[in-house]
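S.K.: For reference, this is run-v3.csv, and it has CSV, C-alpha atoms.
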```csv
chain,number,residue,atom,x,y,z
T,30,MET,CA,11.3,22.7,7.5
T,31,ASN,CA,11.7,19.7,5.2
T,32,ASN,CA,9.4,16.8,5.4
T,33,ARG,CA,8.8,13.4,3.9
T,34,LEU,CA,5.0,13.7,3.6
T,35,LYS,CA,4.8,13.2,-0.2
T,36,VAL,CA,7.0,10.1,0.0
T,37,LEU,CA,5.1,8.6,2.9
T,38,ARG,CA,1.8,9.3,1.2
T,39,ALA,CA,2.9,7.8,-2.0
T,40,GLU,CA,4.1,4.6,-0.2
T,41,LEU,CA,0.5,4.1,1.0
T,42,ASN,CA,-1.0,5.1,-2.4
T,43,TRP,CA,-3.0,7.9,-0.7
T,44,SER,CA,-4.1,11.0,-2.6
T,45,GLN,CA,-3.6,14.4,-1.0
T,46,ALA,CA,-7.4,14.4,-0.4
T,47,GLU,CA,-7.2,11.1,1.4
T,48,LEU,CA,-4.5,12.3,3.7
T,49,ALA,CA,-6.3,15.6,4.3
T,50,GLU,CA,-9.4,13.7,5.3
T,51,ARG,CA,-7.4,11.5,7.8
T,52,LEU,CA,-5.8,14.7,9.3
T,53,GLY,CA,-9.0,16.8,9.3
T,54,VAL,CA,-7.5,19.5,7.1
T,55,SER,CA,-8.0,20.6,3.5
T,56,ARG,CA,-6.3,19.2,0.5
T,57,GLN,CA,-4.8,22.6,-0.1
T,58,THR,CA,-3.2,22.4,3.4
T,59,VAL,CA,-1.6,19.0,2.6
T,60,ASN,CA,-0.3,20.5,-0.7
T,61,ALA,CA,1.2,23.5,1.1
T,62,LEU,CA,2.8,21.1,3.7
T,63,GLU,CA,4.3,18.9,1.0
T,64,THR,CA,5.7,21.9,-1.0
T,65,GLY,CA,7.2,23.5,2.1
T,66,ARG,CA,5.0,26.6,1.9
T,67,TYR,CA,3.5,25.9,5.3
T,68,ASP,CA,4.9,24.4,8.5
T,69,PRO,CA,2.5,22.4,10.6
T,70,SER,CA,1.4,23.5,14.1
T,71,LEU,CA,2.7,21.2,16.8
T,72,PRO,CA,-0.7,19.5,17.2
T,73,LEU,CA,-0.9,18.9,13.5
T,74,ALA,CA,2.7,17.5,13.4
T,75,PHE,CA,1.7,15.0,16.1
T,76,LYS,CA,-1.4,14.0,14.2
T,77,ILE,CA,0.6,13.5,11.1
T,78,ALA,CA,3.1,11.3,13.0
T,79,ARG,CA,0.2,9.2,14.4
T,80,VAL,CA,-1.4,8.8,10.9
T,81,PHE,CA,1.9,7.5,9.5
T,82,GLU,CA,2.8,5.6,12.8
T,83,GLN,CA,6.3,7.2,12.8
T,84,PRO,CA,8.1,9.5,15.1
T,85,ILE,CA,7.9,13.2,14.2
T,86,GLU,CA,11.7,13.3,13.7
T,87,SER,CA,11.5,10.7,11.0
T,88,ILE,CA,8.9,12.8,9.0
T,89,PHE,CA,10.1,16.4,9.6
T,90,SER,CA,13.7,17.8,9.6
T,91,GLU,CA,15.0,21.2,10.1
T,92,GLN,CA,15.9,23.0,6.9
T,93,GLU,CA,19.4,24.2,6.6
T,94,ARG,CA,19.6,27.8,5.7
T,95,SER,CA,21.8,28.3,2.7
T,96,HIS,CA,22.5,31.8,1.3
T,97,GLY,CA,23.6,32.4,-2.2
T,98,SER,CA,22.7,29.0,-3.6
```
Translate the structure described by the file into structure tokens.

M.R.:
Amino acid sequence: MNNRLKVLRAELNWSQAELAERLGVSRQTVNALETGRYDPSLPLAFKIARVFEQPIESIFSEQERSHGS
């Protein structure tokens, strides 16, 4: 799953630790989300959408599976 977390966080000048605190998760979780190593649970995705005041669809998008890139 692709996401715009890093861009949205940068627009607000928030560190990963600041975003983590707002979401109630660890900074390592924010880093894993931003780098695509971890997809959020549905409740966490809703919380992220609320924090950024944007619809989930504008933050997360399905990743196209490409083979042999």

S.K.: Got a sec: who's within 8 Å of region 66-77 of chain T, counting all atoms listed in the file, leaving out chain neighbours fewer than 6 positions off, as a list in words?

M.R.: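 Here the qualifying residues turn out to be Met30, Leu52, Thr58 and Ile85 of chain T.
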
S.K.: Can you pull out the residues contacting Thr64 (chain T)? Cut-off 10 Å, using all atoms listed in the file, and skip same-chain residues under 5 positions away; I want them as a PyMOL selection string.

M.R.: chain T and resi 31-32+34-35+58-59

S.K.: Using only C-alpha atoms, which of the listed residues (T:Val36, T:Gly65, T:Val80, T:Ile88) sits closest to Gly53 (chain T)?

M.R.: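 Closest candidate: T:Val80.
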
S.K.: Just checking: using only C-alpha atoms, which residue out of T:Glu63, T:Ser55, T:Ser90, T:Ala78 ends up closest to Ala39 (chain T)?

M.R.: T:Glu63

S.K.: What is the CA of Leu62 (chain T) to CA of Leu37 (chain T) distance in Å?

M.R.: 12.7 Å

S.K.: So the first atom is CA of Ala61 (chain T) and the second is CA of Glu47 (chain T); what is the distance between them in Å, to one decimal place?

M.R.: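 Answer for the CA of Ala61 (chain T) to CA of Glu47 (chain T) separation: 15.0 Å.
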
S.K.: When you draw a straight line from CA of Glu40 (chain T) to CA of Val54 (chain T), how long is it in Å?

M.R.: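 Computing the Euclidean distance for CA of Glu40 (chain T) and CA of Val54 (chain T) yields 20.2 Å.
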